[in-house]
Amino acid sequence: MRKNLSFLGFGMLFGYALSRVRASDYNYIYHMFTGTDLTLALVMASAIIVGAIGMRILAMNQYKGFRGQIIEVNVKKLTKYTAVGGMIFGVGWGMSGACPGTLLAQIGEGKMMGIVTLLGAVLGTYAYALLKNRYENI
Amino acid sequence: MTQWFPAEPWPWWMGGLVIGALVPLLYYFLNTALGVSTGFGNFAKLLFPKTKLSWLNSKSFSSIVNHRFYMMIGMLIGAFIAGRVMGLPVATIEMGVFSETLQWPIWGNVLWFLMGGFLLGLGARIAGGCTSGHSIHGLANFHLSSLVATICFLLFGAVTVFAIRVFLMGGV
């Protein structure tokens, strides 16, 4: 239970930050993609740098976690479908003005269309499970 | 009498600092990779509890109310608080320039965002992650697949918005 409450706490911080930086605002996503306001691109770039520095510190600490357990970094494998999935996702991002994290932030803030986007994303995930049944490696 | 003023949005570096720090912090305290989209599988299981599909019956989804579920609930609560702090409306069907410019009837918007969400959910699973899992977590760990995925995300997002402006909004 304590572990789940920690996840709840980290989730709250994540949702709060996404919303405070306006990542959940359609206009900011729209203007990032038109190149007229790069606020969110800067958020992403700086987050990557901060994350990389943090991972470097963990590496210097021999990947020892909080209670001395060894941290296992989740390596995401490149497959022949990675690019295809990325393209599909990109179209969805442009259409909805949200990504999986920010659509949750939209709902929390009170943007009702976020609920519709969430429902779509859940159905899309189900469609993946259907595809996976036929094409095992996807 | 003091009047309550909504807080300003954070500057970009503040968001980058907090969101970026989540990657090592989640590993350090919970040995978990930052990511959101896998959790939609939990909701899919909630929607289709009797599904026979093997992927939705894998170990990751043996319990619907698991750590990913708690994280997503936390995100809703965190954003709820942020929305009140910034003085955003508690409930609105507006979606910025999209709904302002197009003035579509509600069912049009519902269909559009349902479709957009569908592609997000499907694409994230095929690519193996979303903006947080690939673009933040994966790039911070220098994963090649995350670079490929992120380039596709951004490129096709930009192409889609360009198409929306040309074909729906009538010009750039």
# chains A, B, ... in the order shown; residues from 1 in each chain; ligands from 1
$ closest_atom_pairs --of "range 1-66 of chain A" --to "range 138-162 of chain B" --cutoff "10 Å" --atoms "only C-alpha atoms" --output "JSON lines"
{"residue": "A:Ile29", "atom": "CA", "partner": "B:Gly157", "partner_atom": "CA", "distance": 9.3}
{"residue": "A:Tyr30", "atom": "CA", "partner": "B:Val161", "partner_atom": "CA", "distance": 6.8}
{"residue": "A:His31", "atom": "CA", "partner": "B:Val161", "partner_atom": "CA", "distance": 9.2}
{"residue": "A:Met32", "atom": "CA", "partner": "B:Ala158", "partner_atom": "CA", "distance": 8.3}
{"residue": "A:Phe33", "atom": "CA", "partner": "B:Ala158", "partner_atom": "CA", "distance": 4.6}
{"residue": "A:Thr34", "atom": "CA", "partner": "B:Ala158", "partner_atom": "CA", "distance": 6.6}
{"residue": "A:Gly35", "atom": "CA", "partner": "B:Ala158", "partner_atom": "CA", "distance": 8.7}
{"residue": "A:Ala41", "atom": "CA", "partner": "B:Leu154", "partner_atom": "CA", "distance": 9.8}
{"residue": "A:Ala45", "atom": "CA", "partner": "B:Leu139", "partner_atom": "CA", "distance": 9.6}
{"residue": "A:Ala47", "atom": "CA", "partner": "B:Ala140", "partner_atom": "CA", "distance": 8.2}
{"residue": "A:Ile48", "atom": "CA", "partner": "B:Ala140", "partner_atom": "CA", "distance": 4.9}
{"residue": "A:Ile49", "atom": "CA", "partner": "B:Ala140", "partner_atom": "CA", "distance": 6.6}
{"residue": "A:Val50", "atom": "CA", "partner": "B:Ala140", "partner_atom": "CA", "distance": 7.9}
{"residue": "A:Gly51", "atom": "CA", "partner": "B:Ala140", "partner_atom": "CA", "distance": 5.2}
{"residue": "A:Ala52", "atom": "CA", "partner": "B:Ala140", "partner_atom": "CA", "distance": 4.2}
{"residue": "A:Ile53", "atom": "CA", "partner": "B:Ala140", "partner_atom": "CA", "distance": 8.0}
{"residue": "A:Gly54", "atom": "CA", "partner": "B:Ala140", "partner_atom": "CA", "distance": 8.7}
{"residue": "A:Met55", "atom": "CA", "partner": "B:Asn141", "partner_atom": "CA", "distance": 7.1}
{"residue": "A:Arg56", "atom": "CA", "partner": "B:Asn141", "partner_atom": "CA", "distance": 9.0}
$ select_by_dssp --residues "range 20-169 of chain B" --states "alpha helix (DSSP H)" --output "count of residues only"
89
$ atom_distance --atom1 "CA of Ser96 in chain A" --atom2 "CA of Lys77 in chain A"
26.9 Å
$ residues_around --residues "Lys132 in chain A" --least-positions-apart "3" --cutoff "10 Å" --atoms "only C-alpha atoms" --output "VMD selection string"
(chain A and resid 126 to 129 135 to 138) or (chain B and resid 53 to 56 126)
$ write_last_selection --atoms "all heavy atoms" --output "mmCIF file, in the first residue's frame"
data_model
loop_
_atom_site.group_PDB
_atom_site.id
_atom_site.type_symbol
_atom_site.label_atom_id
_atom_site.label_comp_id
_atom_site.auth_asym_id
_atom_site.auth_seq_id
_atom_site.Cartn_x
_atom_site.Cartn_y
_atom_site.Cartn_z
ATOM 1 N N TYR A 126 -6.962 -1.309 -26.889
ATOM 2 C CA TYR A 126 -7.669 -2.578 -27.105
ATOM 3 C C TYR A 126 -7.427 -3.085 -28.534
ATOM 4 O O TYR A 126 -7.204 -4.281 -28.761
ATOM 5 C CB TYR A 126 -9.168 -2.395 -26.845
ATOM 6 C CG TYR A 126 -9.951 -3.676 -26.929
ATOM 7 C CD1 TYR A 126 -9.882 -4.621 -25.917
ATOM 8 C CD2 TYR A 126 -10.758 -3.953 -28.034
ATOM 9 C CE1 TYR A 126 -10.587 -5.811 -25.996
ATOM 10 C CE2 TYR A 126 -11.464 -5.141 -28.127
ATOM 11 C CZ TYR A 126 -11.375 -6.064 -27.098
ATOM 12 O OH TYR A 126 -12.062 -7.235 -27.179
ATOM 13 N N ALA A 127 -7.438 -2.137 -29.484
ATOM 14 C CA ALA A 127 -7.171 -2.515 -30.879
ATOM 15 C C ALA A 127 -5.777 -3.109 -31.014
ATOM 16 O O ALA A 127 -5.558 -4.045 -31.790
ATOM 17 C CB ALA A 127 -7.323 -1.298 -31.794
ATOM 18 N N TYR A 128 -4.832 -2.581 -30.230
ATOM 19 C CA TYR A 128 -3.478 -3.149 -30.238
ATOM 20 C C TYR A 128 -3.499 -4.595 -29.749
ATOM 21 O O TYR A 128 -2.857 -5.468 -30.338
ATOM 22 C CB TYR A 128 -2.542 -2.309 -29.366
ATOM 23 C CG TYR A 128 -1.205 -2.955 -29.126
ATOM 24 C CD1 TYR A 128 -0.221 -2.913 -30.107
ATOM 25 C CD2 TYR A 128 -0.924 -3.637 -27.946
ATOM 26 C CE1 TYR A 128 1.007 -3.525 -29.911
ATOM 27 C CE2 TYR A 128 0.292 -4.263 -27.738
ATOM 28 C CZ TYR A 128 1.258 -4.194 -28.730
ATOM 29 O OH TYR A 128 2.463 -4.814 -28.537
ATOM 30 N N ALA A 129 -4.263 -4.830 -28.684
ATOM 31 C CA ALA A 129 -4.365 -6.194 -28.153
ATOM 32 C C ALA A 129 -4.950 -7.133 -29.211
ATOM 33 O O ALA A 129 -4.534 -8.284 -29.340
ATOM 34 C CB ALA A 129 -5.208 -6.212 -26.882
ATOM 35 N N TYR A 135 -0.698 -10.686 -35.106
ATOM 36 C CA TYR A 135 0.721 -10.467 -35.438
ATOM 37 C C TYR A 135 1.503 -10.388 -34.136
ATOM 38 O O TYR A 135 1.526 -9.353 -33.486
ATOM 39 C CB TYR A 135 0.896 -9.177 -36.228
ATOM 40 C CG TYR A 135 -0.035 -9.035 -37.395
ATOM 41 C CD1 TYR A 135 -1.217 -8.318 -37.279
ATOM 42 C CD2 TYR A 135 0.270 -9.639 -38.618
ATOM 43 C CE1 TYR A 135 -2.090 -8.201 -38.341
ATOM 44 C CE2 TYR A 135 -0.594 -9.525 -39.687
ATOM 45 C CZ TYR A 135 -1.772 -8.810 -39.549
ATOM 46 O OH TYR A 135 -2.621 -8.698 -40.596
ATOM 47 N N GLU A 136 2.149 -11.480 -33.799
ATOM 48 C CA GLU A 136 2.730 -11.600 -32.478
ATOM 49 C C GLU A 136 3.820 -10.576 -32.176
ATOM 50 O O GLU A 136 3.993 -10.151 -31.043
ATOM 51 C CB GLU A 136 3.288 -13.012 -32.311
ATOM 52 C CG GLU A 136 3.150 -13.526 -30.886
ATOM 53 C CD GLU A 136 3.677 -14.938 -30.792
ATOM 54 O OE1 GLU A 136 3.073 -15.843 -31.388
ATOM 55 O OE2 GLU A 136 4.706 -15.105 -30.120
ATOM 56 N N ASN A 137 4.573 -10.184 -33.215
ATOM 57 C CA ASN A 137 5.743 -9.348 -32.956
ATOM 58 C C ASN A 137 5.460 -7.851 -32.939
ATOM 59 O O ASN A 137 6.360 -7.058 -32.705
ATOM 60 C CB ASN A 137 6.824 -9.625 -34.007
ATOM 61 C CG ASN A 137 7.316 -11.042 -33.890
ATOM 62 O OD1 ASN A 137 7.457 -11.557 -32.782
ATOM 63 N ND2 ASN A 137 7.544 -11.688 -35.027
ATOM 64 N N ILE A 138 4.235 -7.469 -33.196
ATOM 65 C CA ILE A 138 3.940 -6.045 -33.332
ATOM 66 C C ILE A 138 4.131 -5.314 -31.993
ATOM 67 O O ILE A 138 3.965 -5.886 -30.935
ATOM 68 C CB ILE A 138 2.511 -5.839 -33.882
ATOM 69 C CG1 ILE A 138 2.384 -4.450 -34.506
ATOM 70 C CG2 ILE A 138 1.468 -6.089 -32.810
ATOM 71 C CD1 ILE A 138 1.150 -4.269 -35.356
ATOM 72 N N LEU B 53 -8.229 -11.866 -25.027
ATOM 73 C CA LEU B 53 -6.992 -11.500 -25.714
ATOM 74 C C LEU B 53 -5.786 -11.707 -24.795
ATOM 75 O O LEU B 53 -5.783 -11.262 -23.657
ATOM 76 C CB LEU B 53 -7.058 -10.038 -26.165
ATOM 77 C CG LEU B 53 -8.154 -9.741 -27.192
ATOM 78 C CD1 LEU B 53 -8.295 -8.246 -27.425
ATOM 79 C CD2 LEU B 53 -7.857 -10.447 -28.506
ATOM 80 N N SER B 54 -4.759 -12.385 -25.340
ATOM 81 C CA SER B 54 -3.656 -12.801 -24.477
ATOM 82 C C SER B 54 -2.892 -11.599 -23.913
ATOM 83 O O SER B 54 -2.471 -11.608 -22.762
ATOM 84 C CB SER B 54 -2.716 -13.721 -25.255
ATOM 85 O OG SER B 54 -2.259 -13.062 -26.412
ATOM 86 N N TRP B 55 -2.743 -10.544 -24.739
ATOM 87 C CA TRP B 55 -1.966 -9.399 -24.250
ATOM 88 C C TRP B 55 -2.609 -8.762 -23.017
ATOM 89 O O TRP B 55 -1.921 -8.372 -22.074
ATOM 90 C CB TRP B 55 -1.802 -8.343 -25.362
ATOM 91 C CG TRP B 55 -0.900 -7.215 -24.953
ATOM 92 C CD1 TRP B 55 0.461 -7.268 -24.822
ATOM 93 C CD2 TRP B 55 -1.279 -5.888 -24.599
ATOM 94 N NE1 TRP B 55 0.938 -6.053 -24.404
ATOM 95 C CE2 TRP B 55 -0.100 -5.189 -24.265
ATOM 96 C CE3 TRP B 55 -2.506 -5.214 -24.537
ATOM 97 C CZ2 TRP B 55 -0.107 -3.854 -23.869
ATOM 98 C CZ3 TRP B 55 -2.508 -3.882 -24.149
ATOM 99 C CH2 TRP B 55 -1.322 -3.205 -23.823
ATOM 100 N N LEU B 56 -3.939 -8.682 -23.023
ATOM 101 C CA LEU B 56 -4.626 -8.080 -21.880
ATOM 102 C C LEU B 56 -4.730 -9.043 -20.701
ATOM 103 O O LEU B 56 -5.155 -8.668 -19.618
ATOM 104 C CB LEU B 56 -6.023 -7.603 -22.286
ATOM 105 C CG LEU B 56 -6.040 -6.279 -23.059
ATOM 106 C CD1 LEU B 56 -7.421 -5.986 -23.609
ATOM 107 C CD2 LEU B 56 -5.579 -5.121 -22.182
ATOM 108 N N ILE B 126 2.249 0.297 -30.311
ATOM 109 C CA ILE B 126 3.089 -0.251 -31.379
ATOM 110 C C ILE B 126 4.511 0.300 -31.266
ATOM 111 O O ILE B 126 5.493 -0.417 -31.439
ATOM 112 C CB ILE B 126 2.482 0.068 -32.767
ATOM 113 C CG1 ILE B 126 1.125 -0.632 -32.906
ATOM 114 C CG2 ILE B 126 3.416 -0.383 -33.883
ATOM 115 C CD1 ILE B 126 0.391 -0.306 -34.181
#
$ atom_distance --atom1 "CA of Gln106 in chain A" --atom2 "CA of Ser24 in chain A"
5.4 Å
$ closest_residue --among "B:Gly15, B:Gly170, B:Gly74, B:Pro105" --to "Gly11 in chain A" --atoms "only C-alpha atoms"
B:Gly74
$ atom_distance --atom1 "CA of Leu40 in chain A" --atom2 "CA of Ala23 in chain A"
6.5 Å
$ closest_residue --among "B:Ser135, B:Glu8, B:Met169, B:Ile164" --to "Leu34 in chain B" --atoms "only C-alpha atoms"
B:Ser135
$ closest_residue --among "A:Asn133, A:Glu109, A:Phe89, A:Met1" --to "Ile81 in chain B" --atoms "only C-alpha atoms"
A:Glu109
$ residues_around --residues "Gly85 in chain A" --least-positions-apart "6" --cutoff "7 Å" --atoms "only C-alpha atoms" --output "PyMOL selection string"
chain B and resi 123-124+126-127
$ write_last_selection --atoms "all heavy atoms" --output "PDB file, in the first residue's frame"
ATOM      1  N   GLY B 123      -0.903   3.855 -31.478  1.00  0.00           N
ATOM      2  CA  GLY B 123       0.467   4.192 -31.861  1.00  0.00           C
ATOM      3  C   GLY B 123       1.444   4.013 -30.711  1.00  0.00           C
ATOM      4  O   GLY B 123       2.550   3.507 -30.899  1.00  0.00           O
ATOM      5  N   ALA B 124       1.027   4.425 -29.510  1.00  0.00           N
ATOM      6  CA  ALA B 124       1.925   4.311 -28.353  1.00  0.00           C
ATOM      7  C   ALA B 124       2.287   2.852 -28.101  1.00  0.00           C
ATOM      8  O   ALA B 124       3.439   2.535 -27.814  1.00  0.00           O
ATOM      9  CB  ALA B 124       1.274   4.917 -27.115  1.00  0.00           C
ATOM     10  N   ILE B 126       2.249   0.297 -30.311  1.00  0.00           N
ATOM     11  CA  ILE B 126       3.089  -0.251 -31.379  1.00  0.00           C
ATOM     12  C   ILE B 126       4.511   0.300 -31.266  1.00  0.00           C
ATOM     13  O   ILE B 126       5.493  -0.417 -31.439  1.00  0.00           O
ATOM     14  CB  ILE B 126       2.482   0.068 -32.767  1.00  0.00           C
ATOM     15  CG1 ILE B 126       1.125  -0.632 -32.906  1.00  0.00           C
ATOM     16  CG2 ILE B 126       3.416  -0.383 -33.883  1.00  0.00           C
ATOM     17  CD1 ILE B 126       0.391  -0.306 -34.181  1.00  0.00           C
ATOM     18  N   ALA B 127       4.629   1.600 -30.930  1.00  0.00           N
ATOM     19  CA  ALA B 127       5.955   2.216 -30.805  1.00  0.00           C
ATOM     20  C   ALA B 127       6.656   1.783 -29.515  1.00  0.00           C
ATOM     21  O   ALA B 127       7.866   1.913 -29.392  1.00  0.00           O
ATOM     22  CB  ALA B 127       5.839   3.730 -30.844  1.00  0.00           C
TER      23      ALA B 127
END
$ residues_around --residues "Gly39 in chain B" --least-positions-apart "2" --cutoff "7 Å" --atoms "only C-alpha atoms" --output "list in words"
Val36, Ser37, Gly41, Asn42, Arg68 and Phe69 of chain B
$ closest_atom_pairs --of "range 26-107 of chain A" --to "range 111-114 of chain A" --cutoff "9 Å" --atoms "only C-alpha atoms" --output "tab-separated table"
residue	atom	partner	partner_atom	distance
A:Ser96	CA	A:Gly114	CA	8.6
A:Ala98	CA	A:Gly114	CA	8.1
A:Thr102	CA	A:Gly114	CA	8.7
A:Leu103	CA	A:Gly114	CA	5.2
A:Leu104	CA	A:Gly114	CA	7.0
A:Ala105	CA	A:Gly114	CA	8.3
A:Gln106	CA	A:Lys111	CA	5.1
A:Ile107	CA	A:Gly114	CA	5.1
$ residues_around --residues "Phe113 in chain B" --least-positions-apart "2" --cutoff "9 Å" --atoms "only C-alpha atoms" --output "list in words"
Gly92, Met95, Ser96, Gly97, Met113, Gly114, Val116, Thr117, Leu118 and Gly120 of chain A; Gly108, Asn109, Val110, Leu111, Met115, Gly116, Gly117 and Phe118 of chain B
$ residues_around --residues "Tyr27 in chain B" --least-positions-apart "4" --cutoff "9 Å" --atoms "only C-alpha atoms" --output "PDB file with N, CA, C and O atoms, in the first residue's frame"
ATOM      1  N   MET A  55      20.112  10.241 -14.345  1.00  0.00           N
ATOM      2  CA  MET A  55      20.474   8.850 -14.619  1.00  0.00           C
ATOM      3  C   MET A  55      21.984   8.646 -14.504  1.00  0.00           C
ATOM      4  O   MET A  55      22.447   7.592 -14.097  1.00  0.00           O
ATOM      5  N   LEU A  58      22.716   8.230 -10.911  1.00  0.00           N
ATOM      6  CA  LEU A  58      22.378   6.859 -10.491  1.00  0.00           C
ATOM      7  C   LEU A  58      23.454   5.880 -10.949  1.00  0.00           C
ATOM      8  O   LEU A  58      23.808   4.946 -10.225  1.00  0.00           O
ATOM      9  N   TYR A  63      23.893   2.213  -9.720  1.00  0.00           N
ATOM     10  CA  TYR A  63      22.470   1.892  -9.895  1.00  0.00           C
ATOM     11  C   TYR A  63      21.868   1.278  -8.642  1.00  0.00           C
ATOM     12  O   TYR A  63      21.065   0.363  -8.705  1.00  0.00           O
ATOM     13  N   GLY A  65      19.398   1.539  -5.636  1.00  0.00           N
ATOM     14  CA  GLY A  65      18.188   2.282  -5.323  1.00  0.00           C
ATOM     15  C   GLY A  65      18.089   2.640  -3.853  1.00  0.00           C
ATOM     16  O   GLY A  65      19.018   2.424  -3.060  1.00  0.00           O
ATOM     17  N   PHE A  66      16.940   3.146  -3.505  1.00  0.00           N
ATOM     18  CA  PHE A  66      16.572   3.625  -2.175  1.00  0.00           C
ATOM     19  C   PHE A  66      16.966   2.656  -1.054  1.00  0.00           C
ATOM     20  O   PHE A  66      17.563   3.027  -0.053  1.00  0.00           O
ATOM     21  N   ILE A  71      18.763  -1.072  -9.524  1.00  0.00           N
ATOM     22  CA  ILE A  71      17.796  -0.484 -10.442  1.00  0.00           C
ATOM     23  C   ILE A  71      17.935  -1.136 -11.812  1.00  0.00           C
ATOM     24  O   ILE A  71      19.031  -1.250 -12.347  1.00  0.00           O
ATOM     25  N   GLU A  72      16.820  -1.605 -12.363  1.00  0.00           N
ATOM     26  CA  GLU A  72      16.843  -2.181 -13.705  1.00  0.00           C
ATOM     27  C   GLU A  72      16.254  -1.180 -14.679  1.00  0.00           C
ATOM     28  O   GLU A  72      15.058  -0.896 -14.621  1.00  0.00           O
ATOM     29  N   VAL A  73      17.113  -0.632 -15.537  1.00  0.00           N
ATOM     30  CA  VAL A  73      16.621   0.340 -16.514  1.00  0.00           C
ATOM     31  C   VAL A  73      15.852  -0.389 -17.608  1.00  0.00           C
ATOM     32  O   VAL A  73      16.319  -1.391 -18.142  1.00  0.00           O
TER      33      VAL A  73
ATOM     34  N   LEU B  22      11.643  13.401 -12.428  1.00  0.00           N
ATOM     35  CA  LEU B  22      10.817  12.222 -12.158  1.00  0.00           C
ATOM     36  C   LEU B  22      11.474  10.940 -12.682  1.00  0.00           C
ATOM     37  O   LEU B  22      11.275   9.864 -12.107  1.00  0.00           O
ATOM     38  N   VAL B  23      12.260  11.041 -13.768  1.00  0.00           N
ATOM     39  CA  VAL B  23      12.874   9.837 -14.358  1.00  0.00           C
ATOM     40  C   VAL B  23      13.808   9.166 -13.344  1.00  0.00           C
ATOM     41  O   VAL B  23      13.575   8.007 -12.969  1.00  0.00           O
ATOM     42  N   ASN B  31      12.030   1.832  -8.544  1.00  0.00           N
ATOM     43  CA  ASN B  31      12.585   0.966  -9.582  1.00  0.00           C
ATOM     44  C   ASN B  31      11.627   0.821 -10.775  1.00  0.00           C
ATOM     45  O   ASN B  31      11.405  -0.269 -11.289  1.00  0.00           O
ATOM     46  N   THR B  32      11.050   1.939 -11.180  1.00  0.00           N
ATOM     47  CA  THR B  32      10.060   1.932 -12.254  1.00  0.00           C
ATOM     48  C   THR B  32      10.405   2.989 -13.294  1.00  0.00           C
ATOM     49  O   THR B  32      10.843   4.080 -12.947  1.00  0.00           O
ATOM     50  N   ALA B  33      10.194   2.644 -14.564  1.00  0.00           N
ATOM     51  CA  ALA B  33      10.425   3.612 -15.643  1.00  0.00           C
ATOM     52  C   ALA B  33       9.238   4.576 -15.732  1.00  0.00           C
ATOM     53  O   ALA B  33       8.087   4.150 -15.602  1.00  0.00           O
ATOM     54  N   LEU B  34       9.525   5.859 -15.934  1.00  0.00           N
ATOM     55  CA  LEU B  34       8.448   6.833 -16.140  1.00  0.00           C
ATOM     56  C   LEU B  34       7.682   6.454 -17.407  1.00  0.00           C
ATOM     57  O   LEU B  34       8.276   6.129 -18.426  1.00  0.00           O
TER      58      LEU B  34
END
$ decode --residues "range 20-39 of chain B" --atoms "C-alpha atoms" --output "mmCIF file, in the first residue's frame"
data_model
loop_
_atom_site.group_PDB
_atom_site.id
_atom_site.type_symbol
_atom_site.label_atom_id
_atom_site.label_comp_id
_atom_site.auth_asym_id
_atom_site.auth_seq_id
_atom_site.Cartn_x
_atom_site.Cartn_y
_atom_site.Cartn_z
ATOM 1 C CA GLY B 20 12.905 15.457 -15.882
ATOM 2 C CA ALA B 21 13.667 14.743 -12.209
ATOM 3 C CA LEU B 22 10.817 12.222 -12.158
ATOM 4 C CA VAL B 23 12.874 9.837 -14.358
ATOM 5 C CA PRO B 24 15.712 9.174 -11.848
ATOM 6 C CA LEU B 25 13.444 9.632 -8.807
ATOM 7 C CA LEU B 26 11.005 6.928 -9.983
ATOM 8 C CA TYR B 27 13.939 4.591 -10.574
ATOM 9 C CA TYR B 28 15.588 5.436 -7.251
ATOM 10 C CA PHE B 29 12.528 5.037 -5.056
ATOM 11 C CA LEU B 30 10.321 2.618 -6.974
ATOM 12 C CA ASN B 31 12.585 0.966 -9.582
ATOM 13 C CA THR B 32 10.060 1.932 -12.254
ATOM 14 C CA ALA B 33 10.425 3.612 -15.643
ATOM 15 C CA LEU B 34 8.448 6.833 -16.140
ATOM 16 C CA GLY B 35 5.553 6.166 -18.504
ATOM 17 C CA VAL B 36 1.817 6.536 -18.821
ATOM 18 C CA SER B 37 0.387 4.799 -21.881
ATOM 19 C CA THR B 38 0.730 1.173 -20.690
ATOM 20 C CA GLY B 39 -1.812 2.119 -18.032
#
